[in-house]
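> So here's work_39.cif (mmCIF, C-alpha atoms).
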```cif
data_entry
#
loop_
_atom_site.label_atom_id
_atom_site.label_comp_id
_atom_site.auth_asym_id
_atom_site.auth_seq_id
_atom_site.Cartn_x
_atom_site.Cartn_y
_atom_site.Cartn_z
CA MET A 1 33.46 50.95 41.36
CA LYS A 2 29.72 50.48 41.49
CA THR A 3 28.18 48.13 38.95
CA LEU A 4 24.60 48.01 37.76
CA THR A 5 22.75 45.14 36.17
CA PRO A 6 21.59 45.57 32.57
CA LYS A 7 18.05 45.53 33.92
CA GLN A 8 18.66 48.49 36.21
CA LEU A 9 20.27 50.43 33.36
CA PHE A 10 17.39 49.55 31.06
CA ILE A 11 14.87 50.87 33.58
CA SER A 12 16.76 54.09 34.34
CA PHE A 13 17.16 54.91 30.67
CA SER A 14 13.54 54.00 29.92
CA LYS A 15 12.50 56.64 32.42
CA ILE A 16 14.78 59.15 30.71
CA GLY A 17 13.49 58.35 27.24
CA MET A 18 9.84 58.48 28.18
CA SER A 19 9.98 61.70 30.15
CA GLY A 20 12.02 63.68 27.69
CA PHE A 21 9.58 66.10 26.17
CA GLY A 22 11.41 68.76 24.18
CA GLY A 23 14.90 67.39 24.62
CA VAL A 24 16.04 64.47 26.69
CA LEU A 25 19.29 65.78 28.16
CA PRO A 26 17.84 67.78 31.10
CA TRP A 27 15.88 64.66 32.10
CA ALA A 28 18.99 62.56 31.86
CA ARG A 29 20.64 64.73 34.50
CA ARG A 30 17.55 64.68 36.70
CA THR A 31 17.20 60.89 36.56
CA LEU A 32 20.83 59.79 36.70
CA VAL A 33 22.10 62.36 39.20
CA GLU A 34 19.16 63.42 41.35
CA ARG A 35 16.71 60.54 41.40
CA ASP A 36 18.64 57.30 40.81
CA LYS A 37 21.96 58.70 42.12
CA ILE A 38 23.99 56.71 39.63
CA LEU A 39 26.40 59.56 38.90
CA THR A 40 27.54 62.67 40.71
CA SER A 41 26.87 65.98 39.04
CA GLU A 42 30.56 66.37 38.07
CA GLU A 43 30.74 62.88 36.60
CA PHE A 44 27.62 63.57 34.57
CA SER A 45 29.03 66.82 33.17
CA ALA A 46 32.32 65.13 32.27
CA ILE A 47 30.59 62.29 30.47
CA LEU A 48 28.20 64.66 28.71
CA GLY A 49 31.15 66.74 27.53
CA ILE A 50 32.59 63.69 25.78
CA CYS A 51 29.26 62.67 24.28
CA GLN A 52 28.78 66.07 22.72
CA ILE A 53 32.11 66.12 20.93
CA VAL A 54 31.58 62.78 19.26
CA PRO A 55 29.23 62.67 16.25
CA GLY A 56 25.92 60.85 16.44
CA PRO A 57 22.80 61.24 18.58
CA ASN A 58 24.15 62.86 21.78
CA ILE A 59 21.73 61.13 24.12
CA MET A 60 22.46 57.75 22.57
CA ASN A 61 26.15 58.41 23.13
CA LEU A 62 25.36 59.20 26.75
CA ALA A 63 23.53 55.89 27.11
CA VAL A 64 26.54 54.03 25.68
CA CYS A 65 28.96 55.84 28.00
CA VAL A 66 26.95 55.40 31.18
CA GLY A 67 25.82 51.88 30.28
CA SER A 68 29.32 50.62 29.51
CA ARG A 69 30.79 52.30 32.55
CA PHE A 70 28.49 50.46 34.95
CA GLY A 71 27.70 47.30 33.05
CA GLY A 72 30.20 46.79 30.23
CA ALA A 73 29.01 46.08 26.68
CA ARG A 74 25.81 44.45 27.90
CA GLY A 75 25.08 47.51 30.01
CA ALA A 76 25.58 49.76 26.99
CA VAL A 77 23.13 47.71 24.94
CA ALA A 78 20.58 47.68 27.79
CA ALA A 79 20.82 51.44 28.26
CA THR A 80 20.42 52.25 24.56
CA LEU A 81 17.48 49.86 24.22
CA GLY A 82 15.84 51.31 27.31
CA LEU A 83 16.29 54.79 25.96
CA SER A 84 14.81 54.11 22.55
CA LEU A 85 12.21 51.31 22.68
CA GLY A 86 9.47 53.16 24.59
CA PRO A 87 9.70 56.39 22.59
CA ILE A 88 9.80 54.42 19.32
CA ALA A 89 6.57 52.63 20.30
CA ILE A 90 4.89 55.96 21.11
CA VAL A 91 6.04 57.69 17.96
CA LEU A 92 4.81 54.77 15.85
CA CYS A 93 1.37 54.99 17.50
CA LEU A 94 1.36 58.69 16.63
CA ALA A 95 2.35 57.78 13.08
CA LEU A 96 -0.67 55.44 12.85
CA LEU A 97 -2.95 58.23 14.06
CA TYR A 98 -1.33 60.51 11.52
CA GLU A 99 -2.11 58.07 8.70
CA HIS A 100 -5.79 58.14 9.64
CA TYR A 101 -6.29 61.78 10.40
CA SER A 102 -3.73 63.70 8.34
CA TYR A 103 -6.43 64.76 5.85
CA LEU A 104 -8.10 66.94 8.52
CA GLU A 105 -7.39 70.65 8.16
CA SER A 106 -6.98 71.00 11.92
CA VAL A 107 -4.36 68.22 12.04
CA LYS A 108 -2.47 69.84 9.17
CA GLY A 109 -2.57 73.16 10.98
CA LEU A 110 -1.49 71.56 14.25
CA LEU A 111 1.56 69.99 12.63
CA ARG A 112 2.44 73.21 10.78
CA GLY A 113 2.40 75.08 14.06
CA ILE A 114 4.46 72.46 15.88
CA SER A 115 7.07 72.21 13.15
CA ALA A 116 7.55 76.01 13.08
CA VAL A 117 8.17 75.88 16.84
CA GLY A 118 10.36 72.78 16.47
CA VAL A 119 12.73 74.41 14.04
CA GLY A 120 12.93 77.39 16.40
CA LEU A 121 13.84 75.05 19.27
CA ILE A 122 16.67 73.57 17.23
CA ALA A 123 17.97 77.00 16.28
CA SER A 124 17.87 78.10 19.90
CA THR A 125 20.08 75.19 21.03
CA GLY A 126 22.57 76.53 18.49
CA PHE A 127 22.19 80.12 19.70
CA LYS A 128 22.53 79.14 23.36
CA MET A 129 25.79 77.33 22.62
CA LEU A 130 26.88 80.29 20.50
CA ARG A 131 26.83 82.58 23.54
CA ASP A 132 29.80 80.74 25.02
CA GLU A 133 31.83 81.32 21.88
CA PHE A 134 31.91 85.08 22.40
CA ARG A 135 34.48 84.50 25.16
CA TYR A 136 36.95 83.86 22.37
CA PRO A 137 35.58 85.57 19.23
CA ALA A 138 38.08 84.00 16.81
CA MET A 139 36.14 80.77 17.28
CA LEU A 140 33.15 82.45 15.65
CA LEU A 141 35.09 82.22 12.40
CA VAL A 142 34.71 78.43 12.58
CA VAL A 143 30.97 78.77 13.11
CA VAL A 144 30.66 81.19 10.17
CA LEU A 145 32.82 78.98 7.92
CA THR A 146 30.66 75.96 8.75
CA ILE A 147 27.47 77.86 7.99
CA ILE A 148 28.84 79.18 4.68
CA ALA A 149 30.07 75.75 3.60
CA ALA A 150 26.75 74.14 4.48
CA THR A 151 24.18 76.71 3.37
CA VAL A 152 25.86 78.75 0.60
CA PHE A 153 27.91 76.03 -1.07
CA HIS A 154 25.61 73.18 -0.03
CA LEU A 155 28.52 70.87 0.64
CA GLY A 156 27.68 67.44 2.04
CA LEU A 157 27.98 67.09 5.80
CA GLY A 158 31.10 64.94 5.55
CA TYR A 159 32.88 67.50 3.37
CA VAL A 160 31.90 70.35 5.67
CA VAL A 161 33.38 68.49 8.63
CA LEU A 162 36.57 67.59 6.71
CA LEU A 163 37.00 71.13 5.41
CA VAL A 164 36.31 73.03 8.60
CA SER A 165 37.88 70.77 11.23
CA PRO A 166 41.53 71.71 10.50
CA VAL A 167 40.65 75.40 10.96
CA ALA A 168 38.59 74.50 14.03
CA ILE A 169 41.46 72.56 15.61
CA PHE A 170 43.96 75.32 14.80
CA ILE A 171 41.84 78.05 16.43
CA ALA A 172 40.74 75.78 19.30
CA ARG A 173 44.41 75.20 20.10
CA LYS A 174 44.98 78.94 20.35
CA LYS A 175 41.84 79.28 22.46
CA ALA A 176 42.98 76.55 24.85
CA GLN A 177 46.32 78.32 25.24
CA ALA A 178 44.74 81.75 25.68
CA LEU A 179 42.08 80.94 28.25
CA MET B 1 14.95 44.58 0.16
CA SER B 2 17.34 46.89 -1.68
CA ILE B 3 15.52 49.95 -0.38
CA LEU B 4 16.11 48.77 3.19
CA LEU B 5 19.77 48.17 2.44
CA SER B 6 20.14 51.62 0.96
CA LEU B 7 18.37 53.16 3.95
CA PHE B 8 20.65 51.28 6.31
CA LEU B 9 23.91 52.12 4.54
CA LYS B 10 23.18 55.80 4.02
CA LEU B 11 21.97 56.46 7.55
CA SER B 12 24.95 54.53 8.94
CA ALA B 13 27.31 56.81 7.01
CA PHE B 14 25.50 59.92 8.31
CA SER B 15 25.91 58.75 11.88
CA LEU B 16 29.66 59.29 11.82
CA VAL B 17 29.53 62.88 10.58
CA ALA B 18 26.62 64.04 12.72
CA PHE B 19 28.45 66.55 14.89
CA GLY B 20 25.77 68.33 16.86
CA GLY B 21 23.56 65.25 16.91
CA VAL B 22 20.62 64.38 14.72
CA ASN B 23 19.39 67.98 14.64
CA ALA B 24 22.43 68.84 12.55
CA LEU B 25 21.56 65.99 10.21
CA LEU B 26 18.05 67.08 9.28
CA PRO B 27 18.87 68.89 6.00
CA VAL B 28 20.95 65.93 4.80
CA LEU B 29 18.13 63.64 5.79
CA PHE B 30 15.66 65.84 3.95
CA ASN B 31 17.82 65.86 0.86
CA LEU B 32 18.19 62.09 0.90
CA ALA B 33 14.58 61.18 1.66
CA VAL B 34 12.81 63.84 -0.40
CA ASN B 35 15.08 64.95 -3.25
CA GLN B 36 17.29 61.95 -4.01
CA GLU B 37 15.37 58.82 -3.13
CA HIS B 38 11.81 60.21 -3.23
CA TRP B 39 10.88 58.12 -0.22
CA ILE B 40 8.56 60.87 1.07
CA ASP B 41 7.39 64.31 -0.06
CA VAL B 42 8.12 67.68 1.54
CA GLN B 43 4.81 67.75 3.40
CA THR B 44 5.27 64.31 4.93
CA PHE B 45 8.81 65.17 6.00
CA SER B 46 7.67 68.30 7.74
CA ASP B 47 4.75 66.46 9.38
CA TYR B 48 7.09 63.71 10.62
CA PHE B 49 9.42 66.36 11.93
CA ALA B 50 6.49 67.90 13.85
CA ILE B 51 5.39 64.52 15.28
CA ALA B 52 8.95 63.77 16.38
CA GLN B 53 9.14 67.14 18.10
CA ALA B 54 5.84 66.66 19.90
CA ALA B 55 6.50 63.09 21.07
CA PRO B 56 8.56 62.31 24.15
CA GLY B 57 11.97 60.81 23.62
CA PRO B 58 15.25 61.44 21.87
CA ASN B 59 15.31 63.74 18.87
CA PHE B 60 16.20 61.05 16.33
CA MET B 61 12.52 60.14 15.94
CA THR B 62 12.30 61.89 12.55
CA VAL B 63 14.66 59.16 11.34
CA THR B 64 12.47 56.48 12.92
CA LEU B 65 9.38 57.83 11.17
CA ILE B 66 11.06 57.94 7.77
CA GLY B 67 12.05 54.31 8.28
CA TRP B 68 8.47 53.49 9.24
CA HIS B 69 7.15 55.14 6.10
CA ILE B 70 9.50 53.04 3.96
CA HIS B 71 8.96 49.65 5.53
CA GLY B 72 6.71 49.69 8.58
CA VAL B 73 8.00 48.63 11.98
CA LEU B 74 11.03 46.85 10.51
CA GLY B 75 11.98 50.01 8.60
CA ALA B 76 11.55 52.11 11.74
CA LEU B 77 13.79 49.85 13.84
CA LEU B 78 16.36 49.52 11.08
CA ALA B 79 16.55 53.28 10.48
CA THR B 80 16.95 53.98 14.19
CA PHE B 81 19.61 51.31 14.52
CA ALA B 82 21.45 52.61 11.44
CA ILE B 83 21.64 56.18 12.72
CA ALA B 84 22.94 55.06 16.11
CA TRP B 85 25.28 52.07 15.76
CA PRO B 86 28.38 53.61 14.14
CA SER B 87 28.57 56.53 16.55
CA SER B 88 27.74 54.25 19.49
CA ILE B 89 30.60 51.92 18.67
CA LEU B 90 32.88 54.90 18.13
CA ILE B 91 32.12 56.38 21.53
CA TYR B 92 32.29 52.99 23.23
CA PHE B 93 35.95 52.75 22.30
CA LEU B 94 36.72 56.47 22.36
CA GLN B 95 35.40 57.36 25.81
CA ARG B 96 38.20 55.72 27.74
CA PHE B 97 40.72 57.26 25.40
CA ILE B 98 39.30 60.79 25.84
CA MET B 99 38.84 60.35 29.60
CA GLY B 100 42.44 59.19 29.72
CA ILE B 101 43.92 62.27 28.03
CA LYS B 102 46.09 63.71 30.76
CA ASN B 103 46.93 67.03 29.12
CA PRO B 104 43.98 69.36 29.88
CA MET B 105 45.01 71.57 26.96
CA THR B 106 44.52 68.78 24.42
CA LYS B 107 41.20 67.90 25.99
CA GLN B 108 39.99 71.48 25.77
CA MET B 109 41.23 71.82 22.22
CA ILE B 110 39.14 68.83 21.14
CA GLN B 111 36.14 70.11 23.07
CA TYR B 112 36.34 73.66 21.69
CA SER B 113 36.73 72.61 18.08
CA ALA B 114 33.89 70.09 18.23
CA ALA B 115 31.61 72.63 19.92
CA ALA B 116 32.21 75.28 17.25
CA LEU B 117 31.62 72.76 14.50
CA ALA B 118 28.42 71.56 16.16
CA ILE B 119 27.07 75.12 16.56
CA GLY B 120 27.70 75.89 12.90
CA LEU B 121 26.02 72.67 11.78
CA VAL B 122 23.00 73.05 14.06
CA LEU B 123 22.40 76.66 12.99
CA SER B 124 22.75 75.83 9.29
CA SER B 125 20.43 72.91 9.81
CA ALA B 126 17.77 75.06 11.46
CA TRP B 127 18.04 77.59 8.64
CA GLU B 128 17.71 75.03 5.85
CA ILE B 129 14.88 73.16 7.54
CA ALA B 130 13.02 76.42 8.16
CA LEU B 131 13.24 77.16 4.42
CA GLN B 132 11.63 73.79 3.68
CA ILE B 133 8.89 73.60 6.28
CA ASN B 134 7.82 77.19 6.88
CA HIS B 135 5.45 78.24 4.13
CA SER B 136 4.08 81.49 5.49
CA LEU B 137 5.29 84.68 7.07
CA ALA B 138 3.38 83.69 10.23
CA ALA B 139 5.39 80.45 10.44
CA TYR B 140 8.68 82.39 10.33
CA VAL B 141 7.39 84.80 12.96
CA LEU B 142 6.51 81.83 15.17
CA THR B 143 9.96 80.32 14.64
CA ILE B 144 11.68 83.60 15.51
CA CYS B 145 9.49 84.10 18.61
CA THR B 146 10.36 80.55 19.71
CA ILE B 147 14.06 81.33 19.39
CA ALA B 148 13.71 84.60 21.32
CA ILE B 149 11.65 83.01 24.11
CA THR B 150 13.93 79.99 24.56
CA VAL B 151 17.13 82.01 24.46
CA PHE B 152 15.98 84.77 26.82
CA THR B 153 13.56 83.02 29.18
CA ARG B 154 13.39 79.64 30.92
CA TRP B 155 10.02 78.56 29.51
CA HIS B 156 9.61 74.85 29.06
CA PRO B 157 9.69 73.86 25.35
CA LEU B 158 6.46 71.90 25.82
CA TYR B 159 4.50 75.13 26.36
CA LEU B 160 5.86 76.53 23.12
CA ILE B 161 4.96 73.35 21.25
CA ALA B 162 1.43 73.56 22.69
CA ILE B 163 1.09 77.22 21.72
CA GLY B 164 2.42 76.51 18.22
CA GLY B 165 -0.01 73.63 17.81
CA ALA B 166 -2.94 75.74 19.00
CA LEU B 167 -2.07 78.60 16.65
CA GLY B 168 -1.85 76.04 13.85
CA ILE B 169 -5.27 74.53 14.61
CA LEU B 170 -6.79 78.00 14.65
CA GLY B 171 -5.40 78.50 11.16
CA PHE B 172 -2.85 81.21 11.86
CA ILE B 173 0.23 79.39 10.60
#
```
Would you give me this structure, written as structure tokens?

Amino acid sequence: MKTLTPKQLFISFSKIGMSGFGGVLPWARRTLVERDKILTSEEFSAILGICQIVPGPNIMNLAVCVGSRFGGARGAVAATLGLSLGPIAIVLCLALLYEHYSYLESVKGLLRGISAVGVGLIASTGFKMLRDEFRYPAMLLVVVLTIIAATVFHLGLGYVVLLVSPVAIFIARKKAQAL
Amino acid sequence: MSILLSLFLKLSAFSLVAFGGVNALLPVLFNLAVNQEHWIDVQTFSDYFAIAQAAPGPNFMTVTLIGWHIHGVLGALLATFAIAWPSSILIYFLQRFIMGIKNPMTKQMIQYSAAALAIGLVLSSAWEIALQINHSLAAYVLTICTIAITVFTRWHPLYLIAIGGALGILGFI
């Protein structure tokens, strides 16, 4: 199998991190599959599938998976550093600007507008994924249970996961058998 | 020093339950940083959230900014590291195991259950965060329009962020 040096992984993932406006995942596909040709489209989808079922920042998980696959533990470290260092530097520069200018009404308004859009973007990732669940409506019960546990009963995230996952696994088993 | 330790330990624990990624974590993060530890106030949280959305890069930048607020660059790096290391180590060892599952049924079962859990957590998160950061009817309308446009069209999110920012500067939100 192909191997990549930590430096190559660092550079590829830097490109992904720095270009990812409004979500990094589409850029990850573009860079890894189309531009750098590190993975085939099928390999990318398979790896992404795994990264999305494990907790934690999805894109970071992707960096660990791809990095370790082509460069072992050192590759994983290089990929995650590449992914995060550039964006961290930029966001900290923005934070410095924010410290100086946050008293301005226009800056306050700007951020209010962006955060209202931002929360909508997060909700829409949820809604887009929700569309797939209508293929097997019983699974919606898991979604509803999770929402009730989290928003009505305000259970901590860990408890929500512990409480809902047995139901989720039970129904997912049926779904896997049915489809 | 103890504040850094507390930041590190709590974010590390969150990392392992963050199904659906950092977006699902936001309410917990809000609760920790604003209500429990009083590291930042509601306004700062929502501003950091906005900056993280507008900046390029992964969506865990809200965490980075909270760390920065607590202890400068060191806090920022520590917070980012804390949110990522437990799940990274988990997936490092788990990926071969999951890839190696021969029975496609088992694989699908894991995938389906995690997906449903993630959807529930992300939607609850969006709801709770909206309650905290939207202070006007116009803000909710903007949020709902964003959802409608992203779900039904293929507009790039950056346009929506730009439109939202412009509406905000003009004083509509």
> Quick one: residues within 7 Å of B:Gly20, all atoms listed in the file, excluding same-chain residues fewer than 2 positions away - as a PyMOL selection string?
(chain A and resi 52+55) or (chain B and resi 18+22-24+118-119+121-122)
> Quick check, in Å to one decimal: how far apart do atom CA of B:Met105 and atom CA of A:Ala176 lie?
5.8 Å
> Taking the file as I've supplied it (selection: the PyMOL selection byres ((chain A and resi 145) around 12)), which residues are included? Please answer as a short mmCIF file (atom, residue, chain, number, x, y, z; two decimals) with C-alpha atoms, in the frame of the given file.

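Once everything was written out, this is out18.cif:
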```cif
data_model
loop_
_atom_site.label_atom_id
_atom_site.label_comp_id
_atom_site.auth_asym_id
_atom_site.auth_seq_id
_atom_site.Cartn_x
_atom_site.Cartn_y
_atom_site.Cartn_z
CA ALA A 138 38.08 84.00 16.81
CA MET A 139 36.14 80.77 17.28
CA LEU A 140 33.15 82.45 15.65
CA LEU A 141 35.09 82.22 12.40
CA VAL A 142 34.71 78.43 12.58
CA VAL A 143 30.97 78.77 13.11
CA VAL A 144 30.66 81.19 10.17
CA THR A 146 30.66 75.96 8.75
CA ILE A 147 27.47 77.86 7.99
CA ILE A 148 28.84 79.18 4.68
CA ALA A 149 30.07 75.75 3.60
CA ALA A 150 26.75 74.14 4.48
CA THR A 151 24.18 76.71 3.37
CA VAL A 152 25.86 78.75 0.60
CA PHE A 153 27.91 76.03 -1.07
CA LEU A 155 28.52 70.87 0.64
CA VAL A 160 31.90 70.35 5.67
CA VAL A 161 33.38 68.49 8.63
CA LEU A 163 37.00 71.13 5.41
CA VAL A 164 36.31 73.03 8.60
CA SER A 165 37.88 70.77 11.23
CA PRO A 166 41.53 71.71 10.50
CA VAL A 167 40.65 75.40 10.96
CA ALA A 168 38.59 74.50 14.03
CA ALA B 116 32.21 75.28 17.25
CA LEU B 117 31.62 72.76 14.50
CA ALA B 118 28.42 71.56 16.16
CA ILE B 119 27.07 75.12 16.56
CA GLY B 120 27.70 75.89 12.90
CA LEU B 121 26.02 72.67 11.78
CA LEU B 123 22.40 76.66 12.99
CA SER B 124 22.75 75.83 9.29
#
```
> Near B:Gln43, counting all atoms listed in the file, which residues have an atom at most 10 Å away, once you skip same-chain residues fewer than 2 positions from it, shown as a VMD selection string?
(chain A and resid 108 112) or (chain B and resid 34 40 to 41 45 to 49 132 to 133)
> With a distance cut-off of 7 Å and all atoms listed in the file, select the neighbouring residues of B:Ala50, excluding the residue or stretch itself and same-chain residues fewer than 2 positions from it, and output the selection as a ChimeraX atom specification.
/A:111,114-115,118 /B:46-48,52-54
> Tell me, as number ranges by chain, which residues lie within 12 Å of B:His156, counting all atoms listed in the file; anything in the same chain fewer than 6 positions away does not count.
A: 20-23, 26, 121; B: 146, 149-150, 162-163
> If you apply the PyMOL selection byres ((chain A and resi 88) around 10) to this file, what residues do you get, as a list of chain:residue names?
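Applied to this file, the PyMOL selection byres ((chain A and resi 88) around 10) returns A:Gly17, A:Met18, A:Leu83, A:Ser84, A:Leu85, A:Gly86, A:Pro87, A:Ala89, A:Ile90, A:Val91, A:Leu92, A:Cys93, A:Leu94, B:Ala52, B:Ala55, B:Pro56, B:Gly57, B:Pro58, B:Phe60, B:Met61, B:Thr64, B:Leu65, B:Val73, B:Ala76, B:Leu77, B:Thr80.
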> Please evaluate the PyMOL selection byres ((chain B and resi 137-140) around 9) against the structure above and give the resulting residues as a list in words.
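The output of the PyMOL selection byres ((chain B and resi 137-140) around 9) on this file is Arg112, Gly113, Ser115, Ala116, Val117 and Gly120 of chain A; Ala130, Ile133, Asn134, His135, Ser136, Val141, Leu142, Thr143, Ile144, Cys145, Phe172 and Ile173 of chain B.
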> In terms of the shortest atom-to-atom distance over all atoms listed in the file, which of A:Thr40, A:Thr5, A:Ser102, A:Asn58 is closest to chain B?
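Of A:Thr40, A:Thr5, A:Ser102, A:Asn58, the one nearest chain B is A:Asn58, counting all atoms listed in the file.
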> Within 6 Å of stretch 84-94 of chain B, counting only C-alpha atoms, which residues qualify if same-chain residues fewer than 5 places away don't, as number ranges by chain?
A: 56, 61; B: 15-16
> Output C-alpha atoms for every residue in the selection just made, as a PDB file, in the frame of the given file.

```
ATOM      1  CA  GLY A  56      25.920  60.850  16.440  1.00  0.00           C
ATOM      2  CA  ASN A  61      26.150  58.410  23.130  1.00  0.00           C
TER       3      ASN A  61
ATOM      4  CA  SER B  15      25.910  58.750  11.880  1.00  0.00           C
ATOM      5  CA  LEU B  16      29.660  59.290  11.820  1.00  0.00           C
TER       6      LEU B  16
END
```
> Counting only C-alpha atoms, select every polymer residue within 7 Å of (20.9, 55.8, 9.8) as defined in the file's coordinates, and provide the selection as a VMD selection string.
chain B and resid 7 to 8 10 to 12 14 to 15 79 to 84
> Select, from A:Ala73, A:Leu62, A:Ile53, A:Leu96, the residue with the minimum atom-to-atom distance to chain B, counting all atoms listed in the file.
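Checking each of A:Ala73, A:Leu62, A:Ile53, A:Leu96 against chain B, counting all atoms listed in the file, the winner is A:Ile53.
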> Could you please determine the separation between atom CA of B:Pro27 and atom CA of B:Ser125 in Å, to one decimal place?
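Separation between atom CA of B:Pro27 and atom CA of B:Ser125: 5.8 Å.
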> For A:Ile59, which of A:Ser106, A:Ser45, A:Thr3, A:Thr80 is the closest residue, counting only C-alpha atoms?
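Comparing A:Ser106, A:Ser45, A:Thr3, A:Thr80 against A:Ile59, the winner is A:Thr80.
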> Measure the distance from atom CA of A:Gly82 to atom CA of A:Ser41 in Å and round it to one decimal.
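Computing it gives 21.8 Å between the two atoms.
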> With all atoms listed in the file as the basis for distance, which of B:Phe152, B:Phe19, B:Trp127, B:Phe97 is at the shortest distance from chain A?
B:Phe19
> What are the centre and edge lengths in Å, to one decimal, of the axis-aligned box around all listed atoms of stretch 133-148 of chain B with 3 Å added on each side, as lines of an AutoDock Vina configuration file?

```
center_x = 8.7
center_y = 79.2
center_z = 12.7
size_x = 16.7
size_y = 17.2
size_z = 23.2
```
